[in-house]
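What follows is upload_30.pdb (PDB, C-alpha atoms, pLDDT in the B column).
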ATOM      1  CA  MET Q  13      95.646  88.395 100.021  1.00 49.00           C
ATOM      2  CA  ASN Q  14      96.021  86.667 103.351  1.00 52.00           C
ATOM      3  CA  ASN Q  15      96.403  90.078 104.972  1.00 72.00           C
ATOM      4  CA  LEU Q  16      92.806  91.163 104.448  1.00 78.00           C
ATOM      5  CA  THR Q  17      90.391  91.384 107.335  1.00 83.00           C
ATOM      6  CA  VAL Q  18      87.494  89.125 106.435  1.00 87.00           C
ATOM      7  CA  LEU Q  19      84.208  90.963 106.167  1.00 90.00           C
ATOM      8  CA  GLU Q  20      80.803  89.518 105.356  1.00 90.00           C
ATOM      9  CA  HIS Q  21      77.492  91.239 104.746  1.00 91.00           C
ATOM     10  CA  ASN Q  22      74.240  89.316 104.160  1.00 89.00           C
ATOM     11  CA  ALA Q  23      76.296  86.091 104.254  1.00 88.00           C
ATOM     12  CA  VAL Q  24      78.374  87.374 101.304  1.00 92.00           C
ATOM     13  CA  ARG Q  25      82.100  88.002 101.575  1.00 93.00           C
ATOM     14  CA  VAL Q  26      82.843  91.645 100.724  1.00 95.00           C
ATOM     15  CA  LEU Q  27      85.679  94.185 100.695  1.00 94.00           C
ATOM     16  CA  THR Q  28      85.649  97.836 101.665  1.00 93.00           C
ATOM     17  CA  THR Q  29      86.763 100.427  99.131  1.00 93.00           C
ATOM     18  CA  GLU Q  30      90.053 100.826 101.009  1.00 90.00           C
ATOM     19  CA  GLN Q  31      90.701  97.090 101.051  1.00 90.00           C
ATOM     20  CA  LEU Q  32      89.994  96.846  97.337  1.00 93.00           C
ATOM     21  CA  ALA Q  33      92.224  99.824  96.522  1.00 92.00           C
ATOM     22  CA  GLU Q  34      95.068  98.509  98.637  1.00 89.00           C
ATOM     23  CA  ALA Q  35      94.834  95.077  97.032  1.00 90.00           C
ATOM     24  CA  TYR Q  36      94.806  96.575  93.529  1.00 91.00           C
ATOM     25  CA  GLY Q  37      97.685  98.935  94.302  1.00 90.00           C
ATOM     26  CA  CYS Q  38      95.752 102.110  93.660  1.00 92.00           C
ATOM     27  CA  ASP Q  39      94.261 104.922  95.672  1.00 92.00           C
ATOM     28  CA  ALA Q  40      90.731 104.633  97.074  1.00 92.00           C
ATOM     29  CA  ASN Q  41      89.891 107.677  94.971  1.00 93.00           C
ATOM     30  CA  ASN Q  42      90.510 105.572  91.823  1.00 92.00           C
ATOM     31  CA  ILE Q  43      87.856 103.129  92.998  1.00 95.00           C
ATOM     32  CA  LYS Q  44      85.476 105.990  93.819  1.00 94.00           C
ATOM     33  CA  LYS Q  45      86.038 107.667  90.446  1.00 95.00           C
ATOM     34  CA  ASN Q  46      85.533 104.405  88.554  1.00 93.00           C
ATOM     35  CA  PHE Q  47      82.315 103.794  90.416  1.00 96.00           C
ATOM     36  CA  ASN Q  48      80.977 107.316  89.983  1.00 96.00           C
ATOM     37  CA  ALA Q  49      81.819 107.315  86.251  1.00 95.00           C
ATOM     38  CA  ASN Q  50      80.163 103.923  85.732  1.00 94.00           C
ATOM     39  CA  LYS Q  51      77.294 103.788  88.237  1.00 95.00           C
ATOM     40  CA  ASP Q  52      74.984 102.386  85.575  1.00 95.00           C
ATOM     41  CA  ARG Q  53      77.216  99.296  85.354  1.00 93.00           C
ATOM     42  CA  PHE Q  54      76.853  98.448  89.060  1.00 96.00           C
ATOM     43  CA  ILE Q  55      73.799  96.971  90.734  1.00 96.00           C
ATOM     44  CA  GLU Q  56      73.312  97.431  94.456  1.00 97.00           C
ATOM     45  CA  GLY Q  57      72.914  94.056  96.148  1.00 96.00           C
ATOM     46  CA  LYS Q  58      74.815  92.302  93.354  1.00 96.00           C
ATOM     47  CA  HIS Q  59      78.044  94.292  92.899  1.00 96.00           C
ATOM     48  CA  PHE Q  60      78.019  96.299  96.122  1.00 97.00           C
ATOM     49  CA  TYR Q  61      76.179  97.134  99.313  1.00 97.00           C
ATOM     50  CA  VAL Q  62      75.933 100.532 100.948  1.00 97.00           C
ATOM     51  CA  LEU Q  63      75.835 100.684 104.730  1.00 96.00           C
ATOM     52  CA  ALA Q  64      74.541 103.728 106.570  1.00 95.00           C
ATOM     53  CA  GLY Q  65      72.837 104.539 109.852  1.00 94.00           C
ATOM     54  CA  ASP Q  66      72.354 101.663 112.284  1.00 94.00           C
ATOM     55  CA  ASP Q  67      73.824  99.094 109.878  1.00 93.00           C
ATOM     56  CA  LEU Q  68      77.029 101.112 109.611  1.00 93.00           C
ATOM     57  CA  ARG Q  69      77.207 101.617 113.387  1.00 91.00           C
ATOM     58  CA  ARG Q  70      76.812  97.864 113.954  1.00 90.00           C
ATOM     59  CA  LEU Q  71      79.639  97.182 111.530  1.00 89.00           C
ATOM     60  CA  GLN Q  72      81.829  99.751 113.267  1.00 87.00           C
ATOM     61  CA  VAL Q  73      81.204  98.101 116.635  1.00 86.00           C
ATOM     62  CA  THR Q  74      81.471  94.467 115.545  1.00 86.00           C
ATOM     63  CA  ASN Q  75      84.514  95.043 113.304  1.00 83.00           C
ATOM     64  CA  SER Q  76      86.541  97.546 115.273  1.00 78.00           C
ATOM     65  CA  ASP Q  77      89.731  96.248 113.630  1.00 80.00           C
ATOM     66  CA  LEU Q  78      88.543  97.925 110.396  1.00 80.00           C
ATOM     67  CA  GLN Q  79      88.886 101.315 112.106  1.00 77.00           C
ATOM     68  CA  ILE Q  80      85.977 102.914 110.295  1.00 83.00           C
ATOM     69  CA  SER Q  81      85.968 106.628 111.010  1.00 84.00           C
ATOM     70  CA  PRO Q  82      83.068 107.822 113.166  1.00 84.00           C
ATOM     71  CA  LYS Q  83      82.616 110.572 110.556  1.00 89.00           C
ATOM     72  CA  THR Q  84      81.793 108.015 107.848  1.00 90.00           C
ATOM     73  CA  ARG Q  85      78.161 108.468 106.782  1.00 93.00           C
ATOM     74  CA  HIS Q  86      78.011 105.551 104.352  1.00 93.00           C
ATOM     75  CA  LEU Q  87      80.332 102.699 103.500  1.00 95.00           C
ATOM     76  CA  TYR Q  88      80.481 100.778 100.236  1.00 97.00           C
ATOM     77  CA  LEU Q  89      81.140  97.054 100.421  1.00 97.00           C
ATOM     78  CA  TRP Q  90      82.187  95.335  97.194  1.00 97.00           C
ATOM     79  CA  THR Q  91      81.167  91.795  96.308  1.00 96.00           C
ATOM     80  CA  LYS Q  92      83.231  89.452  94.156  1.00 94.00           C
ATOM     81  CA  GLN Q  93      81.348  90.696  91.078  1.00 94.00           C
ATOM     82  CA  GLY Q  94      81.957  94.337  92.029  1.00 95.00           C
ATOM     83  CA  ALA Q  95      85.649  93.674  92.624  1.00 94.00           C
ATOM     84  CA  ALA Q  96      85.829  92.054  89.181  1.00 92.00           C
ATOM     85  CA  ARG Q  97      84.287  95.114  87.540  1.00 92.00           C
ATOM     86  CA  HIS Q  98      86.791  97.397  89.233  1.00 93.00           C
ATOM     87  CA  SER Q  99      89.621  95.129  88.111  1.00 90.00           C
ATOM     88  CA  LYS Q 100      88.370  95.399  84.559  1.00 89.00           C
ATOM     89  CA  MET Q 101      88.064  99.200  84.751  1.00 91.00           C
ATOM     90  CA  LEU Q 102      91.522  99.662  86.241  1.00 89.00           C
ATOM     91  CA  GLY Q 103      92.880  97.416  83.495  1.00 83.00           C
ATOM     92  CA  THR Q 104      96.341  97.026  85.018  1.00 84.00           C
ATOM     93  CA  ASP Q 105      98.145  93.693  85.083  1.00 85.00           C
ATOM     94  CA  ARG Q 106      98.318  93.964  88.858  1.00 86.00           C
ATOM     95  CA  ALA Q 107      94.555  94.451  89.164  1.00 87.00           C
ATOM     96  CA  TRP Q 108      93.880  91.383  87.009  1.00 82.00           C
ATOM     97  CA  ASP Q 109      96.435  89.262  88.875  1.00 86.00           C
ATOM     98  CA  VAL Q 110      95.176  90.400  92.251  1.00 87.00           C
ATOM     99  CA  PHE Q 111      91.567  89.729  91.295  1.00 86.00           C
ATOM    100  CA  ASP Q 112      92.531  86.172  90.350  1.00 84.00           C
ATOM    101  CA  GLU Q 113      94.114  85.795  93.779  1.00 85.00           C
ATOM    102  CA  LEU Q 114      91.116  87.406  95.508  1.00 86.00           C
ATOM    103  CA  GLU Q 115      88.803  85.075  93.661  1.00 84.00           C
ATOM    104  CA  GLU Q 116      90.813  82.006  94.661  1.00 80.00           C
ATOM    105  CA  SER Q 117      91.662  82.864  98.271  1.00 79.00           C
ATOM    106  CA  TYR Q 118      89.434  85.614  99.650  1.00 83.00           C
ATOM    107  CA  PHE Q 119      86.081  85.083  97.975  1.00 85.00           C
ATOM    108  CA  ASN Q 120      86.438  81.268  97.864  1.00 80.00           C
ATOM    109  CA  PRO Q 121      88.466  80.626 101.000  1.00 72.00           C
ATOM    110  CA  THR Q 122      87.833  76.914 101.371  1.00 66.00           C
ATOM    111  CA  LYS Q 123      88.773  75.912  97.813  1.00 64.00           C
ATOM    112  CA  GLY Q 124      91.686  73.494  97.995  1.00 63.00           C
ATOM    113  CA  MET Q 125      91.670  73.346 101.809  1.00 61.00           C
ATOM    114  CA  THR Q 126      91.520  70.307 103.963  1.00 64.00           C
ATOM    115  CA  PRO Q 127      88.400  70.015 106.158  1.00 62.00           C
ATOM    116  CA  GLU Q 128      90.560  71.007 109.146  1.00 66.00           C
ATOM    117  CA  GLU Q 129      91.809  74.152 107.418  1.00 59.00           C
ATOM    118  CA  ALA Q 130      88.255  75.076 106.418  1.00 55.00           C
ATOM    119  CA  ALA Q 131      87.141  74.624 110.047  1.00 56.00           C
ATOM    120  CA  ARG Q 132      89.957  76.928 111.239  1.00 56.00           C
ATOM    121  CA  LEU Q 133      88.936  79.482 108.618  1.00 51.00           C
ATOM    122  CA  ALA Q 134      85.327  79.325 109.790  1.00 50.00           C
ATOM    123  CA  LYS Q 135      86.549  80.080 113.307  1.00 49.00           C
ATOM    124  CA  GLY Q 136      88.344  83.200 112.063  1.00 45.00           C
ATOM    125  CA  MET Q 137      91.868  81.878 112.360  1.00 38.00           C
ATOM    126  CA  TYR Q 138      92.895  83.080 108.881  1.00 39.00           C
ATOM    127  CA  PHE Q 139      92.916  86.522 107.235  1.00 39.00           C
ATOM    128  CA  THR Q 140      93.239  88.610 110.384  1.00 34.00           C
ATOM    129  CA  THR Q 141      95.219  91.790 109.865  1.00 34.00           C
ATOM    130  CA  PRO Q 142      95.364  95.543 110.028  1.00 36.00           C
ATOM    131  CA  ALA Q 143      92.311  97.545 109.256  1.00 38.00           C
ATOM    132  CA  MET Q 144      91.370  99.327 106.074  1.00 37.00           C
ATOM    133  CA  THR Q 145      88.160 101.257 105.417  1.00 40.00           C
ATOM    134  CA  SER Q 146      86.604 103.897 103.275  1.00 43.00           C
ATOM    135  CA  SER Q 147      83.406 105.278 101.968  1.00 47.00           C
ATOM    136  CA  VAL Q 148      82.905 105.858  98.279  1.00 54.00           C
TER     137      VAL Q 148
END
Once you've parsed the file, please lay out its structure as structure tokens.
Amino acid sequence: MNNLTVLEHNAVRVLTTEQLAEAYGCDANNIKKNFNANKDRFIEGKHFYVLAGDDLRRLQVTNSDLQISPKTRHLYLWTKQGAARHSKMLGTDRAWDVFDELEESYFNPTKGMTPEEAARLAKGMYFTTPAMTSSV
């Protein structure tokens, strides 16, 4: 999980659809299909955020390492609760194991860290890697 580019929206740590799919070892289309088949089980602002327009353009500019396609019209960002729901829907051992790791290291990055490590994390010295993006 240390290979994920850290992304926050509204002071909440989130993952793009591509990041979530890569972590869970599935295709982004699996995430999209799960979401579309179960939209009534997801609440915007709790399980996910949708960026479009100026908000999406700002994200593209400020997080160029995510390599969001200029053709993307909207981008779904998954919260810890949304990632958990996808893990449950995928139902694979890998998805459950990865969610546990995401929960411990990505969504709660300072748990178990020394104050110095937490300060380095806050400065962006952890979790910097190749880009992954997608729209649902």
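Taken over the whole file, the PyMOL selection byres ((chain Q and resi 89) around 6) covers exactly Val26, Leu27, Thr28, Phe60, Tyr61, Tyr88 and Trp90 of chain Q.
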* To do: Identify all residues satisfying the PyMOL selection byres ((chain Q and resi 46) around 12) in the given file; provide them as a ChimeraX atom specification.
  => /Q:29,33,38-45,47-54,94-95,97-103,148
Return as AutoDock Vina command-line options the centre and edge lengths, in Å with one decimal, of the box along x, y and z that encloses every atom of segment 46-58 of chain Q in the file, padded by 6 Å per side.
--center_x 79.2 --center_y 99.8 --center_z 90.8 --size_x 24.6 --size_y 27.0 --size_z 22.8
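By chain and then residue number, the residues within 7 Å of segment 106-114 of chain Q are Met13, Ala35, Tyr36, Ala96, Ser99, Leu102, Gly103, Thr104, Glu116, Ser117, Tyr118 and Phe119 of chain Q, counting only C-alpha atoms and disregarding those fewer than 2 positions away in sequence.
Atom pair atom CA of Leu68 of chain Q / atom CA of Arg85 of chain Q: separated by 8.0 Å.
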* Length of the atom CA of Lys92 of chain Q to atom CA of Asn120 of chain Q vector [Å] -> 9.5 Å
* **atom CA of Pro82 of chain Q to atom CA of Val18 of chain Q, distance in Å rounded to a single decimal** => 20.4 Å
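Using all atoms listed in the file, the nearest neighbour of Asn15 of chain Q within the list Q:Thr84, Q:Gln31, Q:Gln93, Q:Ser76 is Q:Gln31.
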